[in-house]
$ cat start-v5.pdb   # PDB, C-alpha atoms
MODEL        1
ATOM      1  CA  MET C   1       0.000   0.000   0.000
ATOM      2  CA  THR C   2       1.250   3.452  -0.883
ATOM      3  CA  ASP C   3       2.029   5.775   2.024
ATOM      4  CA  LEU C   4      -0.530   8.565   1.725
ATOM      5  CA  SER C   5       0.693  10.625   4.669
ATOM      6  CA  LEU C   6       1.103  14.261   3.668
ATOM      7  CA  GLU C   7       4.463  14.263   5.451
ATOM      8  CA  THR C   8       5.920  11.608   3.145
ATOM      9  CA  ARG C   9       3.905  11.293  -0.048
ATOM     10  CA  THR C  10       5.283  12.502  -3.335
ATOM     11  CA  GLY C  11       1.953  12.651  -5.145
ATOM     12  CA  LEU C  12      -1.368  10.890  -5.359
ATOM     13  CA  PRO C  13      -1.752   7.378  -6.717
ATOM     14  CA  ASP C  14      -3.798   6.950  -9.895
ATOM     15  CA  THR C  15      -6.499   5.209  -7.874
ATOM     16  CA  LEU C  16      -7.308   8.524  -6.192
ATOM     17  CA  ALA C  17      -6.394  10.892  -9.020
ATOM     18  CA  TYR C  18      -8.150   8.677 -11.547
ATOM     19  CA  LEU C  19      -9.080  11.582 -13.848
ATOM     20  CA  ARG C  20      -5.510  12.897 -14.070
ATOM     21  CA  SER C  21      -4.589  10.793 -17.100
ATOM     22  CA  SER C  22      -7.699  11.934 -18.983
ATOM     23  CA  PHE C  23      -6.993  15.601 -18.204
ATOM     24  CA  PRO C  24      -3.221  16.285 -18.249
ATOM     25  CA  GLN C  25      -2.245  19.490 -16.483
ATOM     26  CA  GLN C  26      -0.707  21.044 -19.597
ATOM     27  CA  ASP C  27      -4.148  20.840 -21.289
ATOM     28  CA  TRP C  28      -6.316  22.168 -18.438
ATOM     29  CA  ARG C  29      -6.606  25.763 -19.622
ATOM     30  CA  LYS C  30      -7.512  24.669 -23.178
ATOM     31  CA  HIS C  31     -10.449  22.507 -22.074
ATOM     32  CA  ALA C  32     -13.998  23.726 -22.777
ATOM     33  CA  ASN C  33     -14.977  23.297 -19.105
ATOM     34  CA  PHE C  34     -12.042  25.340 -17.814
ATOM     35  CA  GLY C  35     -13.649  28.530 -16.594
ATOM     36  CA  GLU C  36     -13.706  31.108 -13.836
ATOM     37  CA  LEU C  37     -13.857  28.632 -10.954
ATOM     38  CA  SER C  38     -10.920  26.575 -12.221
ATOM     39  CA  ALA C  39      -8.865  29.688 -12.928
ATOM     40  CA  PHE C  40      -9.728  31.194  -9.543
ATOM     41  CA  TRP C  41      -8.840  27.981  -7.697
ATOM     42  CA  LEU C  42      -5.419  27.838  -9.355
ATOM     43  CA  GLN C  43      -4.895  31.562  -8.739
ATOM     44  CA  VAL C  44      -5.650  31.196  -5.015
ATOM     45  CA  HIS C  45      -3.250  28.261  -4.786
ATOM     46  CA  GLU C  46      -0.533  30.199  -6.593
ATOM     47  CA  HIS C  47      -1.072  33.148  -4.254
ATOM     48  CA  LEU C  48      -0.725  30.879  -1.200
ATOM     49  CA  ARG C  49       2.486  29.425  -2.624
ATOM     50  CA  GLY C  50       3.809  32.925  -3.231
ATOM     51  CA  GLN C  51       2.925  34.160   0.259
ATOM     52  CA  GLY C  52       4.653  31.180   1.874
ATOM     53  CA  ALA C  53       7.732  31.581  -0.308
ATOM     54  CA  ALA C  54       7.957  35.334   0.406
ATOM     55  CA  LEU C  55       7.804  34.733   4.153
ATOM     56  CA  ASN C  56      10.422  32.016   4.001
ATOM     57  CA  GLN C  57      12.682  34.209   1.863
ATOM     58  CA  ALA C  58      12.344  37.180   4.226
ATOM     59  CA  THR C  59      13.121  34.952   7.201
ATOM     60  CA  ALA C  60      16.172  33.499   5.467
ATOM     61  CA  SER C  61      17.390  37.008   4.571
ATOM     62  CA  TYR C  62      16.912  38.151   8.162
ATOM     63  CA  ARG C  63      18.740  35.138   9.566
ATOM     64  CA  GLU C  64      21.615  35.645   7.087
ATOM     65  CA  GLY C  65      21.883  39.288   8.136
ATOM     66  CA  SER C  66      20.990  40.756   4.734
ATOM     67  CA  LEU C  67      17.652  42.129   6.011
ATOM     68  CA  GLU C  68      17.798  44.433   9.018
ATOM     69  CA  SER C  69      15.646  43.681  12.035
ATOM     70  CA  ALA C  70      13.395  46.765  11.771
ATOM     71  CA  ARG C  71      12.539  46.136   8.086
ATOM     72  CA  PHE C  72      11.989  42.449   8.767
ATOM     73  CA  ARG C  73       9.637  43.089  11.695
ATOM     74  CA  GLN C  74       7.691  45.673   9.660
ATOM     75  CA  PHE C  75       7.082  43.091   6.920
ATOM     76  CA  PHE C  76       6.938  39.873   8.897
ATOM     77  CA  ALA C  77       4.031  40.133  11.342
ATOM     78  CA  PRO C  78       1.446  41.537   8.883
ATOM     79  CA  ALA C  79       2.558  39.214   6.072
ATOM     80  CA  LEU C  80       2.482  36.119   8.282
ATOM     81  CA  ASN C  81      -0.910  37.072   9.715
ATOM     82  CA  GLN C  82      -2.350  37.598   6.236
ATOM     83  CA  PHE C  83      -0.903  34.285   4.985
ATOM     84  CA  LEU C  84      -2.202  32.251   7.919
ATOM     85  CA  GLN C  85      -5.669  33.838   7.732
ATOM     86  CA  HIS C  86      -5.839  33.329   3.973
ATOM     87  CA  LEU C  87      -4.812  29.695   4.287
ATOM     88  CA  ASN C  88      -7.237  28.976   7.126
ATOM     89  CA  GLY C  89     -10.133  30.689   5.349
ATOM     90  CA  HIS C  90      -9.436  28.866   2.092
ATOM     91  CA  HIS C  91      -9.466  25.495   3.811
ATOM     92  CA  GLN C  92     -12.682  26.293   5.688
ATOM     93  CA  ILE C  93     -14.464  27.142   2.434
ATOM     94  CA  GLU C  94     -13.204  23.943   0.841
ATOM     95  CA  ASP C  95     -14.169  21.736   3.789
ATOM     96  CA  ARG C  96     -17.610  23.259   4.304
ATOM     97  CA  PHE C  97     -18.714  23.989   0.762
ATOM     98  CA  TYR C  98     -16.667  22.591  -2.099
ATOM     99  CA  PHE C  99     -15.463  19.191  -0.859
ATOM    100  CA  PRO C 100     -19.000  18.018  -0.007
ATOM    101  CA  LYS C 101     -20.109  18.990  -3.524
ATOM    102  CA  PHE C 102     -17.209  17.149  -5.158
ATOM    103  CA  ARG C 103     -18.017  14.013  -3.172
ATOM    104  CA  THR C 104     -21.485  13.877  -4.743
ATOM    105  CA  LEU C 105     -20.158  13.976  -8.311
ATOM    106  CA  ASP C 106     -18.684  10.490  -8.264
ATOM    107  CA  GLN C 107     -18.365   7.989  -5.432
ATOM    108  CA  ARG C 108     -14.744   7.313  -6.458
ATOM    109  CA  MET C 109     -13.856  10.859  -5.349
ATOM    110  CA  VAL C 110     -14.805  10.326  -1.711
ATOM    111  CA  ALA C 111     -11.505   8.733  -0.676
ATOM    112  CA  GLY C 112      -9.519  11.541  -2.310
ATOM    113  CA  PHE C 113     -11.485  14.260  -0.576
ATOM    114  CA  ASP C 114     -11.273  12.414   2.737
ATOM    115  CA  LEU C 115      -7.497  12.482   2.278
ATOM    116  CA  LEU C 116      -7.525  16.209   1.491
ATOM    117  CA  GLU C 117      -9.547  16.892   4.646
ATOM    118  CA  ARG C 118      -7.000  14.924   6.700
ATOM    119  CA  ASP C 119      -4.325  17.054   5.046
ATOM    120  CA  HIS C 120      -6.205  20.166   6.189
ATOM    121  CA  GLU C 121      -6.101  18.921   9.779
ATOM    122  CA  LEU C 122      -2.334  18.349   9.626
ATOM    123  CA  ILE C 123      -1.769  21.681   7.899
ATOM    124  CA  HIS C 124      -3.889  23.412  10.545
ATOM    125  CA  GLU C 125      -1.730  21.883  13.289
ATOM    126  CA  ALA C 126       1.361  23.122  11.419
ATOM    127  CA  LEU C 127      -0.276  26.546  11.032
ATOM    128  CA  LEU C 128      -0.822  26.762  14.802
ATOM    129  CA  ALA C 129       2.760  25.653  15.495
ATOM    130  CA  THR C 130       4.032  28.262  13.054
ATOM    131  CA  ALA C 131       1.956  31.008  14.675
ATOM    132  CA  GLU C 132       3.130  29.986  18.155
ATOM    133  CA  SER C 133       6.789  29.917  17.150
ATOM    134  CA  ALA C 134       6.388  33.257  15.329
ATOM    135  CA  ASN C 135       4.920  34.855  18.446
ATOM    136  CA  LEU C 136       7.845  33.620  20.535
ATOM    137  CA  PHE C 137      10.269  34.767  17.860
ATOM    138  CA  LEU C 138       8.734  38.257  17.785
ATOM    139  CA  LYS C 139       8.562  38.451  21.568
ATOM    140  CA  THR C 140      12.232  37.587  21.987
ATOM    141  CA  SER C 141      13.264  40.067  19.302
ATOM    142  CA  ARG C 142      11.164  42.950  20.644
ATOM    143  CA  ASP C 143      13.808  44.215  23.045
ATOM    144  CA  ALA C 144      16.892  43.226  21.093
ATOM    145  CA  ALA C 145      18.290  44.122  17.729
ATOM    146  CA  ASP C 146      18.373  40.446  16.801
ATOM    147  CA  ALA C 147      16.187  37.601  17.980
ATOM    148  CA  PRO C 148      17.943  34.806  19.754
ATOM    149  CA  THR C 149      19.054  32.187  17.284
ATOM    150  CA  GLN C 150      17.028  29.463  18.985
ATOM    151  CA  ALA C 151      13.708  31.318  18.523
ATOM    152  CA  ALA C 152      14.569  32.197  14.921
ATOM    153  CA  ASP C 153      15.531  28.587  14.209
ATOM    154  CA  ALA C 154      12.334  27.267  15.790
ATOM    155  CA  TYR C 155      10.185  29.619  13.730
ATOM    156  CA  ALA C 156      12.075  28.847  10.509
ATOM    157  CA  SER C 157      11.687  25.119  11.108
ATOM    158  CA  ALA C 158       7.944  25.414  11.766
ATOM    159  CA  ALA C 159       7.415  27.689   8.760
ATOM    160  CA  ASP C 160       9.461  25.441   6.467
ATOM    161  CA  ARG C 161       7.371  22.462   7.530
ATOM    162  CA  LEU C 162       4.106  24.345   6.981
ATOM    163  CA  VAL C 163       5.127  25.505   3.515
ATOM    164  CA  ALA C 164       6.367  22.022   2.546
ATOM    165  CA  LEU C 165       3.087  20.426   3.660
ATOM    166  CA  LEU C 166       1.077  23.100   1.914
ATOM    167  CA  THR C 167       3.052  22.814  -1.324
ATOM    168  CA  ARG C 168       2.494  19.053  -1.531
ATOM    169  CA  HIS C 169      -1.167  19.402  -0.572
ATOM    170  CA  LEU C 170      -1.917  22.110  -3.149
ATOM    171  CA  ALA C 171      -0.427  20.064  -5.986
ATOM    172  CA  ASP C 172      -2.394  16.979  -4.937
ATOM    173  CA  GLU C 173      -5.596  18.951  -4.496
ATOM    174  CA  GLU C 174      -5.219  20.390  -7.989
ATOM    175  CA  ASP C 175      -4.757  16.852  -9.366
ATOM    176  CA  LEU C 176      -8.182  15.966  -7.958
ATOM    177  CA  ILE C 177     -10.155  19.169  -8.321
ATOM    178  CA  VAL C 178      -9.309  20.586 -11.722
ATOM    179  CA  PRO C 179      -9.829  17.289 -13.609
ATOM    180  CA  ALA C 180     -13.121  16.817 -11.721
ATOM    181  CA  ILE C 181     -14.274  20.277 -12.785
ATOM    182  CA  LEU C 182     -13.245  19.562 -16.359
ATOM    183  CA  GLN C 183     -15.091  16.223 -16.298
ATOM    184  CA  HIS C 184     -18.307  17.429 -14.669
ATOM    185  CA  GLY C 185     -18.408  21.154 -15.463
ATOM    186  CA  GLU C 186     -18.162  24.154 -13.173
ATOM    187  CA  GLN C 187     -21.913  24.583 -12.885
ATOM    188  CA  ARG C 188     -22.172  21.255 -11.015
ATOM    189  CA  VAL C 189     -19.628  22.389  -8.423
ATOM    190  CA  ALA C 190     -20.359  26.089  -8.012
TER     191      ALA C 190
ENDMDL
END
$ encode --input "start-v5.pdb" --output "structure tokens"
Amino acid sequence: MTDLSLETRTGLPDTLAYLRSSFPQQDWRKHANFGELSAFWLQVHEHLRGQGAALNQATASYREGSLESARFRQFFAPALNQFLQHLNGHHQIEDRFYFPKFRTLDQRMVAGFDLLERDHELIHEALLATAESANLFLKTSRDAADAPTQAADAYASAADRLVALLTRHLADEEDLIVPAILQHGEQRVA
């Protein structure tokens, strides 16, 4: 049996992403059923990827000393807050509205969307750990020019894990959702 843990998987098996071979990613945007919902979904995912990457890059620059503490703090807290809220809100909409609709399209999709919901739980735990480590990091750096290395390392580790989980999850989610939209049409999901 394939390991489907978000922590270790490298993609979804064909048994879950059974529409992937019928709808290759390079052809998605050319398909007649590719519309506003599909484009928006991919845009939101790309935005989440970009937010996570920007935060990780700023943190790396700060830790390397190429970004001064004051500029980093000015960017970091609002950017992290926006990223975490965006991610949490996106997953809530999926879990409460879209995933239930996708499950009704074809019984074979249920296992895939169950897996994505489990991913959301793990990502949420990582989100909370990232927020907690960020708060400690900011607290320890408030009175000093540089945060203690231990707090910076703990935050960077938590954030790296969150972004890695999210990156894998988004790719897998796209492998399920976009082909399903192309197969069944946006009007059946929206």
$ closest_residue --input "start-v5.pdb" --among "C:His120, C:Arg108, C:Arg73, C:Arg103" --to "C:Arg188" --atoms "all atoms listed in the file"
C:Arg103
$ atom_distance --input "start-v5.pdb" --atom1 "atom CA of C:Leu116" --atom2 "atom CA of C:Ser133"
25.3 Å
$ atom_distance --input "start-v5.pdb" --atom1 "atom CA of C:Leu87" --atom2 "atom CA of C:Asp114"
18.5 Å
$ resolve_selection --input "start-v5.pdb" --expression "the PyMOL selection byres ((chain C and resi 48-58) around 9)" --output "list in words"
Gln43, Val44, His45, Glu46, His47, Thr59, Ala60, Ser61, Tyr62, Arg63, Leu67, Phe72, Phe75, Phe76, Ala79, Leu80, Gln82, Phe83, His86, Leu87, Ala156, Ala159, Asp160, Leu162, Val163, Leu166, Thr167 and Leu170 of chain C
$ residues_around --input "start-v5.pdb" --residues "stretch 13-19 of chain C" --least-positions-apart "4" --cutoff "10 Å" --atoms "all atoms listed in the file" --output "list in words"
Thr2, Asp3, Leu4, Arg9, Phe23, Pro24, Arg108, Met109, Val110, Ala111, Gly112, Phe113, Leu115, Asp172, Glu173, Glu174, Asp175, Leu176, Ile177, Val178, Pro179, Ala180, Leu182 and Gln183 of chain C
$ write_last_selection --input "start-v5.pdb" --atoms "C-alpha atoms" --output "short mmCIF file (atom, residue, chain, number, x, y, z; two decimals), keeping the file's coordinate frame"
data_model
loop_
_atom_site.label_atom_id
_atom_site.label_comp_id
_atom_site.auth_asym_id
_atom_site.auth_seq_id
_atom_site.Cartn_x
_atom_site.Cartn_y
_atom_site.Cartn_z
CA THR C 2 1.25 3.45 -0.88
CA ASP C 3 2.03 5.78 2.02
CA LEU C 4 -0.53 8.56 1.72
CA ARG C 9 3.90 11.29 -0.05
CA PHE C 23 -6.99 15.60 -18.20
CA PRO C 24 -3.22 16.28 -18.25
CA ARG C 108 -14.74 7.31 -6.46
CA MET C 109 -13.86 10.86 -5.35
CA VAL C 110 -14.80 10.33 -1.71
CA ALA C 111 -11.50 8.73 -0.68
CA GLY C 112 -9.52 11.54 -2.31
CA PHE C 113 -11.48 14.26 -0.58
CA LEU C 115 -7.50 12.48 2.28
CA ASP C 172 -2.39 16.98 -4.94
CA GLU C 173 -5.60 18.95 -4.50
CA GLU C 174 -5.22 20.39 -7.99
CA ASP C 175 -4.76 16.85 -9.37
CA LEU C 176 -8.18 15.97 -7.96
CA ILE C 177 -10.15 19.17 -8.32
CA VAL C 178 -9.31 20.59 -11.72
CA PRO C 179 -9.83 17.29 -13.61
CA ALA C 180 -13.12 16.82 -11.72
CA LEU C 182 -13.24 19.56 -16.36
CA GLN C 183 -15.09 16.22 -16.30
#
$ closest_residue --input "start-v5.pdb" --among "C:Glu94, C:Glu121, C:Glu7, C:Glu64" --to "C:Trp41" --atoms "all atoms listed in the file"
C:Glu94
$ closest_residue --input "start-v5.pdb" --among "C:Gln26, C:Leu6, C:Glu36, C:Leu12" --to "C:Gln187" --atoms "all atoms listed in the file"
C:Glu36
$ closest_residue --input "start-v5.pdb" --among "C:Arg71, C:His31, C:Arg161, C:His184" --to "C:Leu128" --atoms "all atoms listed in the file"
C:Arg161
$ atom_distance --input "start-v5.pdb" --atom1 "atom CA of C:Asn88" --atom2 "atom CA of C:His124"
7.3 Å
$ residues_around --input "start-v5.pdb" --residues "C:Ala190" --least-positions-apart "3" --cutoff "10 Å" --atoms "only C-alpha atoms" --output "PyMOL selection string"
chain C and resi 37+97-98+101-102+181+185-187
$ residues_around --input "start-v5.pdb" --residues "stretch 150-154 of chain C" --least-positions-apart "6" --cutoff "9 Å" --atoms "all atoms listed in the file" --output "PyMOL selection string"
chain C and resi 59+63+130+133-134+136-138+140-141
$ axis_aligned_box --input "start-v5.pdb" --around "stretch 92-103 of chain C" --padding-each-side "4 Å" --output "lines of an AutoDock Vina configuration file"
center_x = -16.4
center_y = 20.6
center_z = 0.3
size_x = 15.4
size_y = 21.1
size_z = 18.8
